[in-house]
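So this block is input29.cif, mmCIF, C-alpha atoms:
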data_work
#
loop_
_atom_site.label_atom_id
_atom_site.label_comp_id
_atom_site.auth_asym_id
_atom_site.auth_seq_id
_atom_site.Cartn_x
_atom_site.Cartn_y
_atom_site.Cartn_z
CA MET S 22 -155.30 78.55 108.75
CA ASN S 23 -154.76 74.83 109.04
CA TYR S 24 -157.02 71.93 108.15
CA TRP S 25 -157.64 68.83 110.23
CA LEU S 26 -159.67 65.65 110.42
CA VAL S 27 -161.01 64.31 113.72
CA LYS S 28 -162.58 60.93 114.17
CA THR S 29 -165.51 60.04 116.35
CA GLU S 30 -167.63 57.00 116.99
CA PRO S 31 -171.12 58.19 116.02
CA GLU S 32 -172.68 56.00 118.73
CA THR S 33 -170.67 57.95 121.32
CA TYR S 34 -170.69 61.49 119.86
CA SER S 35 -171.92 62.10 116.34
CA TRP S 36 -172.07 65.05 113.97
CA ASP S 37 -175.72 65.46 114.95
CA ASN S 38 -174.69 65.70 118.62
CA LEU S 39 -172.22 68.46 117.76
CA VAL S 40 -174.91 70.34 115.82
CA LYS S 41 -177.42 69.94 118.65
CA ASP S 42 -174.88 71.09 121.26
CA LYS S 43 -173.71 74.02 119.04
CA SER S 44 -170.15 73.30 120.22
CA GLY S 45 -168.40 70.37 121.80
CA VAL S 46 -165.30 69.38 123.72
CA TRP S 47 -163.05 67.15 121.63
CA ASP S 48 -161.34 65.05 124.28
CA GLY S 49 -160.52 61.46 125.11
CA VAL S 50 -157.64 61.22 122.63
CA ARG S 51 -155.03 58.82 123.99
CA ASN S 52 -152.37 58.79 121.30
CA PHE S 53 -149.24 60.94 121.50
CA GLN S 54 -149.21 61.92 117.82
CA ALA S 55 -152.91 62.83 117.93
CA ARG S 56 -152.26 64.84 121.11
CA SER S 57 -149.51 66.77 119.31
CA ASN S 58 -151.96 67.48 116.50
CA ILE S 59 -154.56 68.78 118.97
CA LYS S 60 -151.92 71.06 120.51
CA ALA S 61 -151.18 72.44 117.02
CA MET S 62 -154.81 73.37 116.34
CA LYS S 63 -155.51 77.10 116.34
CA LYS S 64 -158.74 78.99 116.84
CA GLY S 65 -160.41 79.33 113.44
CA ASP S 66 -158.82 76.20 111.93
CA THR S 67 -161.18 74.11 109.83
CA VAL S 68 -161.87 70.49 110.74
CA PHE S 69 -163.47 67.56 108.94
CA VAL S 70 -165.58 65.40 111.26
CA TYR S 71 -165.23 61.72 110.39
CA HIS S 72 -167.54 58.97 111.63
CA THR S 73 -165.80 55.68 112.39
CA GLY S 74 -167.44 52.29 112.83
CA GLU S 75 -169.88 51.09 110.20
CA GLU S 76 -170.11 54.46 108.45
CA LYS S 77 -166.41 55.29 107.88
CA SER S 78 -167.17 58.66 106.25
CA ILE S 79 -166.34 62.35 106.43
CA VAL S 80 -169.70 63.87 107.31
CA GLY S 81 -169.21 67.52 108.25
CA VAL S 82 -167.03 70.59 108.68
CA ALA S 83 -166.35 72.24 112.03
CA LYS S 84 -164.20 75.09 113.33
CA VAL S 85 -161.83 75.19 116.29
CA VAL S 86 -163.39 77.66 118.73
CA ARG S 87 -161.05 77.05 121.67
CA GLU S 88 -157.42 76.01 121.40
CA ALA S 89 -155.86 73.13 123.32
CA TYR S 90 -156.33 73.07 127.07
CA PRO S 91 -155.79 70.33 129.68
CA GLU S 92 -158.61 67.83 130.00
CA PRO S 93 -160.46 68.40 133.28
CA ASN S 94 -160.13 64.77 134.43
CA ASP S 95 -156.63 64.06 133.12
CA LYS S 96 -154.17 66.96 132.92
CA ASP S 97 -151.71 64.84 130.88
CA TRP S 98 -154.03 65.02 127.89
CA VAL S 99 -155.57 67.92 126.01
CA ALA S 100 -158.86 68.87 124.40
CA VAL S 101 -160.12 71.49 121.96
CA ASP S 102 -163.60 72.89 121.49
CA LEU S 103 -165.23 72.57 118.07
CA ALA S 104 -168.34 74.20 116.62
CA PRO S 105 -170.21 72.82 113.60
CA GLU S 106 -170.00 74.77 110.35
CA LYS S 107 -171.86 72.63 107.83
CA LYS S 108 -172.89 69.10 107.10
CA LEU S 109 -171.50 67.74 103.85
CA LYS S 110 -174.11 67.49 101.13
CA LYS S 111 -172.84 63.97 100.46
CA PRO S 112 -170.63 62.08 102.97
CA ILE S 113 -167.25 61.02 101.60
CA SER S 114 -166.46 57.41 102.50
CA LEU S 115 -163.07 56.00 103.40
CA SER S 116 -163.30 53.65 100.42
CA GLN S 117 -163.91 56.63 98.12
CA VAL S 118 -160.88 58.44 99.58
CA LYS S 119 -158.68 55.35 99.20
CA ALA S 120 -159.81 54.82 95.58
CA ASP S 121 -159.01 58.39 94.52
CA ASN S 122 -155.45 58.91 93.24
CA LYS S 123 -155.62 62.61 94.15
CA LEU S 124 -155.98 61.61 97.82
CA SER S 125 -153.41 58.78 97.92
CA ASP S 126 -151.01 60.78 100.13
CA MET S 127 -153.70 61.80 102.60
CA VAL S 128 -152.97 60.83 106.23
CA LEU S 129 -156.38 59.13 106.32
CA VAL S 130 -155.01 56.67 103.74
CA ARG S 131 -151.48 56.30 105.11
CA ALA S 132 -152.23 56.30 108.88
CA SER S 133 -155.91 55.55 108.97
CA ARG S 134 -156.03 54.77 112.70
CA LEU S 135 -154.80 58.23 113.77
CA SER S 136 -157.77 59.97 115.42
CA VAL S 137 -156.65 63.58 114.89
CA GLN S 138 -154.74 64.28 111.71
CA PRO S 139 -153.67 67.14 109.48
CA VAL S 140 -155.25 67.61 106.05
CA LYS S 141 -153.55 69.52 103.24
CA GLU S 142 -155.47 72.51 101.90
CA GLU S 143 -155.74 71.00 98.42
CA GLU S 144 -157.08 67.73 99.90
CA PHE S 145 -159.61 69.66 101.95
CA LYS S 146 -160.87 71.66 98.96
CA TYR S 147 -160.99 68.57 96.76
CA ILE S 148 -163.06 66.62 99.30
CA LEU S 149 -165.44 69.56 99.67
CA ALA S 150 -165.87 69.59 95.88
CA LEU S 151 -166.49 65.81 95.84
CA SER S 152 -169.16 66.21 98.51
CA GLN S 153 -171.08 68.60 96.23
CA GLU S 154 -171.31 66.19 93.29
#

As structure tokens - that is how I would like this structure written.
Amino acid sequence: MNYWLVKTEPETYSWDNLVKDKSGVWDGVRNFQARSNIKAMKKGDTVFVYHTGEEKSIVGVAKVVREAYPEPNDKDWVAVDLAPEKKLKKPISLSQVKADNKLSDMVLVRASRLSVQPVKEEEFKYILALSQE
């Protein structure tokens, strides 16, 4: 299993929207590296959902329920389907991630603008633990 982080603008499609919908199409990514990451996602992979904008926080955990497929309106790009697993007890902010030496190599710190990014297993588990404190 692999771990990922996907970003969303909560005004456009938030964690609460994903929960309400029970699953959602993750599309609209227009970056080649992010597209490659979507193509690498496998059914059952675990995904952090990150709110951009004012919030700038990891807010929930989702699962990949459908692997990459061409977007209906633009076959040059791909989408995956995600289903919500659980909301984090406490959101983990970007500033908290950046201030933590254990997360200094995280893609979110090094390439913060990338909208779909891999997360190392140890980073994923550490962030989950932080969200429980």

Need the shell around Asp126 in chain S: protein/DNA/RNA residues with any atom at most 12 Å away, counting all atoms listed in the file. Skip same-chain ones fewer than 5 positions apart. Format as a ChimeraX atom specification? /S:118-121,131-133,139-141,143-144

Selection dump of the PyMOL selection byres ((chain S and resi 37) around 12), as an MDAnalysis selection string: chainID S and resid 29:36 38:45 70 72 80:83 104:108

Name the closest residue to Tyr90 in chain S among the candidates S:Glu75, S:Asp102, S:Glu154, S:Asp66; distances are taken between atoms, counting all atoms listed in the file. S:Asp102

In terms of the shortest atom-to-atom distance over all atoms listed in the file, which of S:Ala150, S:Ala89, S:Ile113, S:Val27 is closest to Val101 in chain S?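 That would be S:Ala89, the residue with the smallest distance to Val101 in chain S.
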
Could you list, as an MDAnalysis selection string, every residue within 8 Å of range 47-60 of chain S, counting all atoms listed in the file and ignoring same-chain residues fewer than 3 positions away? chainID S and resid 88:89 92 98:103 135:139

Which residue gives the smallest distance to Lys84 in chain S among S:Leu151, S:Asn122, S:Pro112, S:Trp25, with only C-alpha atoms counted?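 Answer, going by the shortest atom-to-atom distance: S:Trp25.
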
I need the output of the PyMOL selection byres ((chain S and resi 64) around 9) for this file as a PyMOL selection string; which residues are they? chain S and resi 22+62-63+65-67+84-88

Taken to one decimal, the CA of Asn23 in chain S-CA of Gln117 in chain S distance is 23.1 Å

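Note that CA of Val46 in chain S and CA of Leu129 in chain S are 22.1 Å apart.
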
Which residue out of S:Glu76, S:Lys96, S:Phe145, S:Val128 has the minimum interatomic distance to Ser114 in chain S when all atoms listed in the file are used? S:Glu76

Give me, please, the distance in Å between CA of Arg134 in chain S and CA of Pro93 in chain S, quoted to one decimal.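 The value is 25.1 Å.
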
In terms of the shortest atom-to-atom distance over all atoms listed in the file, which of S:Gln153, S:Glu142, S:Lys110, S:Tyr147 is closest to Leu124 in chain S?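 Comparing S:Gln153, S:Glu142, S:Lys110, S:Tyr147 against Leu124 in chain S, the winner is S:Tyr147.
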
Counting all atoms listed in the file, the option among S:Asn94, S:Lys28, S:Val130, S:Lys123 closest to Ser78 in chain S: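 For Ser78 in chain S, the nearest of the candidates is S:Lys28.
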
How would range 95-119 of chain S read, as an mmCIF file, keeping the file's coordinate frame, once N, CA and C atoms are built in?
data_model
loop_
_atom_site.group_PDB
_atom_site.id
_atom_site.type_symbol
_atom_site.label_atom_id
_atom_site.label_comp_id
_atom_site.auth_asym_id
_atom_site.auth_seq_id
_atom_site.Cartn_x
_atom_site.Cartn_y
_atom_site.Cartn_z
ATOM 1 N N ASP S 95 -157.950 64.632 133.333
ATOM 2 C CA ASP S 95 -156.630 64.060 133.120
ATOM 3 C C ASP S 95 -155.732 65.120 132.504
ATOM 4 N N LYS S 96 -154.979 65.807 133.344
ATOM 5 C CA LYS S 96 -154.170 66.960 132.920
ATOM 6 C C LYS S 96 -153.028 66.573 131.975
ATOM 7 N N ASP S 97 -152.749 65.267 131.811
ATOM 8 C CA ASP S 97 -151.710 64.840 130.880
ATOM 9 C C ASP S 97 -152.168 64.885 129.434
ATOM 10 N N TRP S 98 -153.461 65.027 129.231
ATOM 11 C CA TRP S 98 -154.030 65.020 127.890
ATOM 12 C C TRP S 98 -154.746 66.340 127.630
ATOM 13 N N VAL S 99 -154.991 66.627 126.368
ATOM 14 C CA VAL S 99 -155.570 67.920 126.010
ATOM 15 C C VAL S 99 -156.852 67.752 125.195
ATOM 16 N N ALA S 100 -157.614 68.823 125.164
ATOM 17 C CA ALA S 100 -158.860 68.870 124.400
ATOM 18 C C ALA S 100 -158.917 70.182 123.635
ATOM 19 N N VAL S 101 -159.769 70.241 122.638
ATOM 20 C CA VAL S 101 -160.120 71.490 121.960
ATOM 21 C C VAL S 101 -161.639 71.548 121.899
ATOM 22 N N ASP S 102 -162.163 72.738 121.691
ATOM 23 C CA ASP S 102 -163.600 72.890 121.490
ATOM 24 C C ASP S 102 -163.853 73.138 120.009
ATOM 25 N N LEU S 103 -164.848 72.436 119.469
ATOM 26 C CA LEU S 103 -165.230 72.570 118.070
ATOM 27 C C LEU S 103 -166.677 73.038 117.975
ATOM 28 N N ALA S 104 -166.960 73.787 116.924
ATOM 29 C CA ALA S 104 -168.340 74.200 116.620
ATOM 30 C C ALA S 104 -168.647 73.765 115.193
ATOM 31 N N PRO S 105 -169.856 73.267 114.950
ATOM 32 C CA PRO S 105 -170.210 72.820 113.600
ATOM 33 C C PRO S 105 -170.316 73.991 112.632
ATOM 34 N N GLU S 106 -169.866 73.777 111.414
ATOM 35 C CA GLU S 106 -170.000 74.770 110.350
ATOM 36 C C GLU S 106 -171.071 74.334 109.351
ATOM 37 N N LYS S 107 -170.861 73.132 108.780
ATOM 38 C CA LYS S 107 -171.860 72.630 107.830
ATOM 39 C C LYS S 107 -171.717 71.127 107.655
ATOM 40 N N LYS S 108 -172.853 70.516 107.426
ATOM 41 C CA LYS S 108 -172.890 69.100 107.100
ATOM 42 C C LYS S 108 -172.560 68.969 105.611
ATOM 43 N N LEU S 109 -171.791 67.958 105.256
ATOM 44 C CA LEU S 109 -171.500 67.740 103.850
ATOM 45 C C LEU S 109 -172.767 67.316 103.126
ATOM 46 N N LYS S 110 -172.942 67.834 101.937
ATOM 47 C CA LYS S 110 -174.110 67.490 101.130
ATOM 48 C C LYS S 110 -174.155 65.977 100.896
ATOM 49 N N LYS S 111 -172.969 65.411 100.652
ATOM 50 C CA LYS S 111 -172.840 63.970 100.460
ATOM 51 C C LYS S 111 -171.618 63.509 101.262
ATOM 52 N N PRO S 112 -171.790 62.583 102.224
ATOM 53 C CA PRO S 112 -170.630 62.080 102.970
ATOM 54 C C PRO S 112 -169.596 61.465 102.019
ATOM 55 N N ILE S 113 -168.337 61.589 102.393
ATOM 56 C CA ILE S 113 -167.250 61.020 101.600
ATOM 57 C C ILE S 113 -166.686 59.828 102.371
ATOM 58 N N SER S 114 -166.844 58.648 101.800
ATOM 59 C CA SER S 114 -166.460 57.410 102.500
ATOM 60 C C SER S 114 -164.952 57.171 102.435
ATOM 61 N N LEU S 115 -164.476 56.397 103.384
ATOM 62 C CA LEU S 115 -163.070 56.000 103.400
ATOM 63 C C LEU S 115 -162.721 55.259 102.119
ATOM 64 N N SER S 116 -163.593 54.391 101.648
ATOM 65 C CA SER S 116 -163.300 53.650 100.420
ATOM 66 C C SER S 116 -163.188 54.590 99.222
ATOM 67 N N GLN S 117 -163.992 55.638 99.202
ATOM 68 C CA GLN S 117 -163.910 56.630 98.120
ATOM 69 C C GLN S 117 -162.581 57.392 98.198
ATOM 70 N N VAL S 118 -162.166 57.751 99.399
ATOM 71 C CA VAL S 118 -160.880 58.440 99.580
ATOM 72 C C VAL S 118 -159.739 57.545 99.115
ATOM 73 N N LYS S 119 -159.760 56.288 99.554
ATOM 74 C CA LYS S 119 -158.680 55.350 99.200
ATOM 75 C C LYS S 119 -158.621 55.070 97.695
#
